[in-house]
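For reference, the structure is listed below as C-alpha cells.
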Amino acid sequence: MTNQQMQQALDFQAECESLEALLRPLPPEDFSRSTGFKSWTVDNVLRHLHVWNVAADLSLQDEDAFKEWLANALPKVMAGDLTSFETEELNGLAGPDLLNRWATFYPQTAQRFAETDPSKRLVWAGPSMSARSSITARLMESWAHGQAIYDELGVKRKNADRIKNIVVIGVNTYGWTFKNRGETPPEPMPHLVLTAPSGTLWEFGEPSESEKITGLAEEFCQVVTQCRNIADTKMSVEGENAKRWMAVAQCFAGPPMDPPAPGLRKMRC
C-alpha cells in the first residue's frame, strides 16, 4: 500500500460536491419535485444515493456487518418498491435534513476508499468487486441519478473529465449489455471517438469507418446510463453493431432495462 490516494475515490467526492452545490440553494419544498426518472422526487434520488453509499462503505469496513445488512435489505428490495425501502431505511428523512445527512457522509466514504488498496475485494449484492470498481460504481450512480435533478431544475451541467470513469464502465460493459439480454455480443465493438469536457479526444476500440461512434463524452455517458435515448443526442452512430449497442446500452447491474423513449428524458426549459 502506497501513500498515493485512489483517484476514483477523489473523483467520486468531486462529483458529489458538484451535486451538493446544485442542491444547497433549494428551498425545502423543491425536494418533493418529481424528476423525469420514474417520477422520483429529489428526496427519492438523495435517499437512494445515500443508502447505497452507506452500503458500499459498510462493505469496505465490515464484511460481516454488510452481509447481515444485505440479508435484511435484499428481500425488501426484491419484494417491492425500492424507494419505499430507502424511505424506511432513513426513517422518512427529507429535504435539507436529508441533504445534510448525505453531504456529511459522502466525504467520509470517499476518504476511506481513497486510502484503500484499489485491488481489495469487497462483497456486494452481486459478485464481489474491487474497491476501485465499488467506488467507481458510486461515482457513476451519483452522476447518473444527479442528471435527473439537473434536468428537473433546468440547469445545464458543467461536466469535468472525471466522467471518463463512466465512459470506461460503458466500454467495459459492451459485451455484458448483450449477454444480459441473451444476445451474442456483435463483433467488432465499434470504434469510439469521444470529445471530453476539456476538449481532449478519447478513443476506444480498433479504428473503423464502418463501425464508429463519435460525439461528446457526456452524451455517451447519458446513453450508457440510460439518462437519454440516443435519438435525443447529437452523437454520430455508424454501423449495425453501433446502432444496436446505442439502442440497448446499459452500464449498470441488474436485469435488462430499456432506455427512456425519445423525448422522455430532457432538461426542463
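In the C-alpha cells, the first chain shown is A, the next is B, and so on; residue numbers restart at 1 for each chain, and ligands run from 1 in the order shown.
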task: Can you pull out every residue within 12 Å of range 204-215 of chain A, counting only C-alpha atoms, but drop anything in the same chain fewer than 4 positions away, and send it as a VMD selection string?
output: chain A and resid 164 167 to 172 174 186 to 197 199 to 200 219 to 223 230 233 to 246
With C-alpha atoms retained, could you export that selection as a compact mmCIF listing (two decimals), in the first residue's frame?
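That gives us result_39.txt:
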# COMPACT_ATOMS: atom_id res chain seq x y z
CA LYS A 164 -14.01 9.21 -18.18
CA VAL A 167 -17.02 6.08 -20.24
CA VAL A 168 -14.73 3.21 -19.22
CA ILE A 169 -17.61 1.42 -17.46
CA GLY A 170 -19.68 1.88 -20.61
CA VAL A 171 -16.95 0.39 -22.79
CA ASN A 172 -16.25 -2.46 -20.37
CA TYR A 174 -20.26 -3.67 -24.10
CA PRO A 186 -21.62 -8.45 -32.06
CA GLU A 187 -18.01 -8.13 -33.14
CA PRO A 188 -16.17 -5.94 -33.52
CA MET A 189 -17.02 -3.43 -30.83
CA PRO A 190 -17.47 -0.08 -32.59
CA HIS A 191 -14.63 2.41 -32.64
CA LEU A 192 -15.43 5.08 -30.08
CA VAL A 193 -14.14 8.64 -30.56
CA LEU A 194 -15.38 10.96 -27.83
CA THR A 195 -14.70 14.59 -27.03
CA ALA A 196 -14.02 15.08 -23.32
CA PRO A 197 -15.33 18.14 -21.45
CA GLY A 199 -11.72 19.08 -25.43
CA THR A 200 -9.37 16.08 -25.33
CA GLU A 219 -23.73 12.27 -24.22
CA PHE A 220 -22.17 8.80 -24.42
CA CYS A 221 -22.37 8.65 -20.61
CA GLN A 222 -26.01 9.73 -20.74
CA VAL A 223 -26.81 6.91 -23.17
CA ILE A 230 -29.65 8.04 -28.37
CA THR A 233 -28.26 13.28 -28.57
CA LYS A 234 -26.11 14.67 -31.37
CA MET A 235 -23.88 11.60 -31.49
CA SER A 236 -22.96 10.07 -34.85
CA VAL A 237 -23.61 6.31 -34.93
CA GLU A 238 -22.36 4.33 -37.95
CA GLY A 239 -22.82 0.57 -38.42
CA GLU A 240 -25.26 -2.09 -37.28
CA ASN A 241 -23.23 -3.04 -34.19
CA ALA A 242 -23.00 0.58 -33.12
CA LYS A 243 -26.71 1.21 -33.67
CA ARG A 244 -27.73 -1.89 -31.70
CA TRP A 245 -25.37 -1.03 -28.84
CA MET A 246 -26.62 2.52 -28.51
field: Residues near range 81-98 of chain A, cut-off 12 Å, only C-alpha atoms, skip fewer than 4 positions along chain, as a count of residues only
entry: 41
query: Can you tell me, as a PyMOL selection string, what residues are no more than 8 Å from range 107-122 of chain A when counting only C-alpha atoms, ignoring any on the same chain fewer than 2 positions away?
result: chain A and resi 1+3-10+12-13+53-54+57+59-60+63+103-105+124+128-132+134-135
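Considering only C-alpha atoms, the residue among A:Asp232, A:Glu218, A:Asp64, A:Glu203 positioned nearest to Lys156 in chain A is A:Glu218.
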All residues 12 Å or closer to range 256-267 of chain A, only C-alpha atoms, same chain fewer than 2 positions away omitted, as a VMD selection string: chain A and resid 35 to 39 144 to 145 147 to 157 176 to 183 219 222 to 233 245 to 254 269
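Those residues of range 5-153 of chain A that DSSP, working from the backbone, places in strand (DSSP E) are Arg121, Leu122, Met129 and Ser130 of chain A.
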- prompt: Tell me, which residues of range 50-226 of chain A carry DSSP helix (DSSP H, G or I), written as a PyMOL selection string?
  reply: chain A and resi 50-61+63-79+82-89+95-114+131-153+161-172+174-179+217-224
For the residues in the current selection, export C-alpha atoms as a CSV table (one decimal), in the first residue's frame.
chain,number,residue,atom,x,y,z
A,50,HIS,CA,-27.1,7.8,0.5
A,51,VAL,CA,-28.4,4.4,1.3
A,52,TRP,CA,-26.1,2.7,-1.2
A,53,ASN,CA,-23.2,4.9,-0.3
A,54,VAL,CA,-23.6,3.6,3.3
A,55,ALA,CA,-23.9,0.1,2.0
A,56,ALA,CA,-20.7,0.4,-0.1
A,57,ASP,CA,-18.9,2.0,2.9
A,58,LEU,CA,-20.1,-0.9,5.1
A,59,SER,CA,-18.8,-3.5,2.7
A,60,LEU,CA,-15.4,-1.8,2.8
A,61,GLN,CA,-15.2,-1.6,6.6
A,63,GLU,CA,-17.8,-7.6,5.6
A,64,ASP,CA,-19.8,-9.5,8.2
A,65,ALA,CA,-21.9,-6.4,9.1
A,66,PHE,CA,-22.6,-5.8,5.4
A,67,LYS,CA,-23.7,-9.4,4.8
A,68,GLU,CA,-26.1,-9.0,7.8
A,69,TRP,CA,-27.5,-5.7,6.4
A,70,LEU,CA,-27.9,-7.2,3.0
A,71,ALA,CA,-29.7,-10.3,4.3
A,72,ASN,CA,-32.3,-8.0,5.7
A,73,ALA,CA,-32.4,-5.5,2.9
A,74,LEU,CA,-32.4,-7.7,-0.2
A,75,PRO,CA,-35.8,-9.4,0.4
A,76,LYS,CA,-37.4,-6.0,0.9
A,77,VAL,CA,-35.8,-4.6,-2.3
A,78,MET,CA,-36.7,-7.6,-4.3
A,79,ALA,CA,-40.3,-7.7,-3.0
A,82,LEU,CA,-37.1,0.4,-3.9
A,83,THR,CA,-38.0,3.9,-2.9
A,84,SER,CA,-40.2,2.7,-0.1
A,85,PHE,CA,-37.4,0.6,1.3
A,86,GLU,CA,-35.0,3.5,1.1
A,87,THR,CA,-37.5,5.8,2.8
A,88,GLU,CA,-37.9,3.3,5.6
A,89,GLU,CA,-34.2,2.9,5.9
A,95,GLY,CA,-35.4,18.0,2.5
A,96,PRO,CA,-32.5,19.9,3.9
A,97,ASP,CA,-32.0,17.4,6.7
A,98,LEU,CA,-31.6,14.6,4.2
A,99,LEU,CA,-29.2,16.7,2.2
A,100,ASN,CA,-27.1,17.3,5.3
A,101,ARG,CA,-27.1,13.6,6.1
A,102,TRP,CA,-25.9,12.7,2.6
A,103,ALA,CA,-23.4,15.6,2.4
A,104,THR,CA,-21.9,14.7,5.8
A,105,PHE,CA,-21.3,11.1,4.9
A,106,TYR,CA,-20.0,11.0,1.3
A,107,PRO,CA,-16.7,12.7,2.1
A,108,GLN,CA,-16.1,10.1,4.8
A,109,THR,CA,-16.8,7.3,2.3
A,110,ALA,CA,-14.5,9.0,-0.3
A,111,GLN,CA,-11.7,9.3,2.2
A,112,ARG,CA,-11.9,5.7,3.4
A,113,PHE,CA,-11.9,4.4,-0.2
A,114,ALA,CA,-9.1,6.8,-1.2
A,131,ALA,CA,-12.6,-1.4,-4.1
A,132,ARG,CA,-11.8,0.6,-7.2
A,133,SER,CA,-14.8,-0.8,-9.0
A,134,SER,CA,-17.0,-0.2,-6.0
A,135,ILE,CA,-16.3,3.5,-5.6
A,136,THR,CA,-16.4,4.0,-9.4
A,137,ALA,CA,-19.9,2.5,-9.4
A,138,ARG,CA,-20.8,5.0,-6.7
A,139,LEU,CA,-19.5,7.8,-8.9
A,140,MET,CA,-21.5,6.5,-11.8
A,141,GLU,CA,-24.7,6.3,-9.8
A,142,SER,CA,-24.2,9.8,-8.3
A,143,TRP,CA,-23.6,11.2,-11.8
A,144,ALA,CA,-26.5,9.4,-13.5
A,145,HIS,CA,-29.1,10.0,-10.8
A,146,GLY,CA,-27.9,13.5,-10.4
A,147,GLN,CA,-28.7,14.1,-14.1
A,148,ALA,CA,-32.4,13.8,-13.3
A,149,ILE,CA,-32.1,16.6,-10.8
A,150,TYR,CA,-30.2,18.9,-13.2
A,151,ASP,CA,-32.9,18.2,-15.8
A,152,GLU,CA,-35.7,19.0,-13.4
A,153,LEU,CA,-34.2,22.2,-12.3
A,161,ASP,CA,-13.0,14.9,-17.3
A,162,ARG,CA,-13.7,12.6,-14.3
A,163,ILE,CA,-16.6,11.3,-16.4
A,164,LYS,CA,-14.0,9.2,-18.2
A,165,ASN,CA,-14.6,6.7,-15.3
A,166,ILE,CA,-18.2,6.3,-16.6
A,167,VAL,CA,-17.0,6.1,-20.2
A,168,VAL,CA,-14.7,3.2,-19.2
A,169,ILE,CA,-17.6,1.4,-17.5
A,170,GLY,CA,-19.7,1.9,-20.6
A,171,VAL,CA,-17.0,0.4,-22.8
A,172,ASN,CA,-16.2,-2.5,-20.4
A,174,TYR,CA,-20.3,-3.7,-24.1
A,175,GLY,CA,-20.3,-7.5,-24.1
A,176,TRP,CA,-22.3,-7.7,-20.9
A,177,THR,CA,-25.1,-5.5,-22.3
A,178,PHE,CA,-25.8,-8.1,-24.9
A,179,LYS,CA,-25.3,-11.2,-22.8
A,217,ALA,CA,-18.3,12.0,-23.9
A,218,GLU,CA,-21.1,13.4,-21.7
A,219,GLU,CA,-23.7,12.3,-24.2
A,220,PHE,CA,-22.2,8.8,-24.4
A,221,CYS,CA,-22.4,8.7,-20.6
A,222,GLN,CA,-26.0,9.7,-20.7
A,223,VAL,CA,-26.8,6.9,-23.2
A,224,VAL,CA,-25.0,4.1,-21.4
- prompt: Could you work out how far CA of Pro255 in chain A lies from CA of Ala125 in chain A, giving the answer in Å with one decimal?
  reply: 13.5 Å
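Note that the spacing between CA of Leu216 in chain A and CA of Leu201 in chain A amounts to 9.4 Å.
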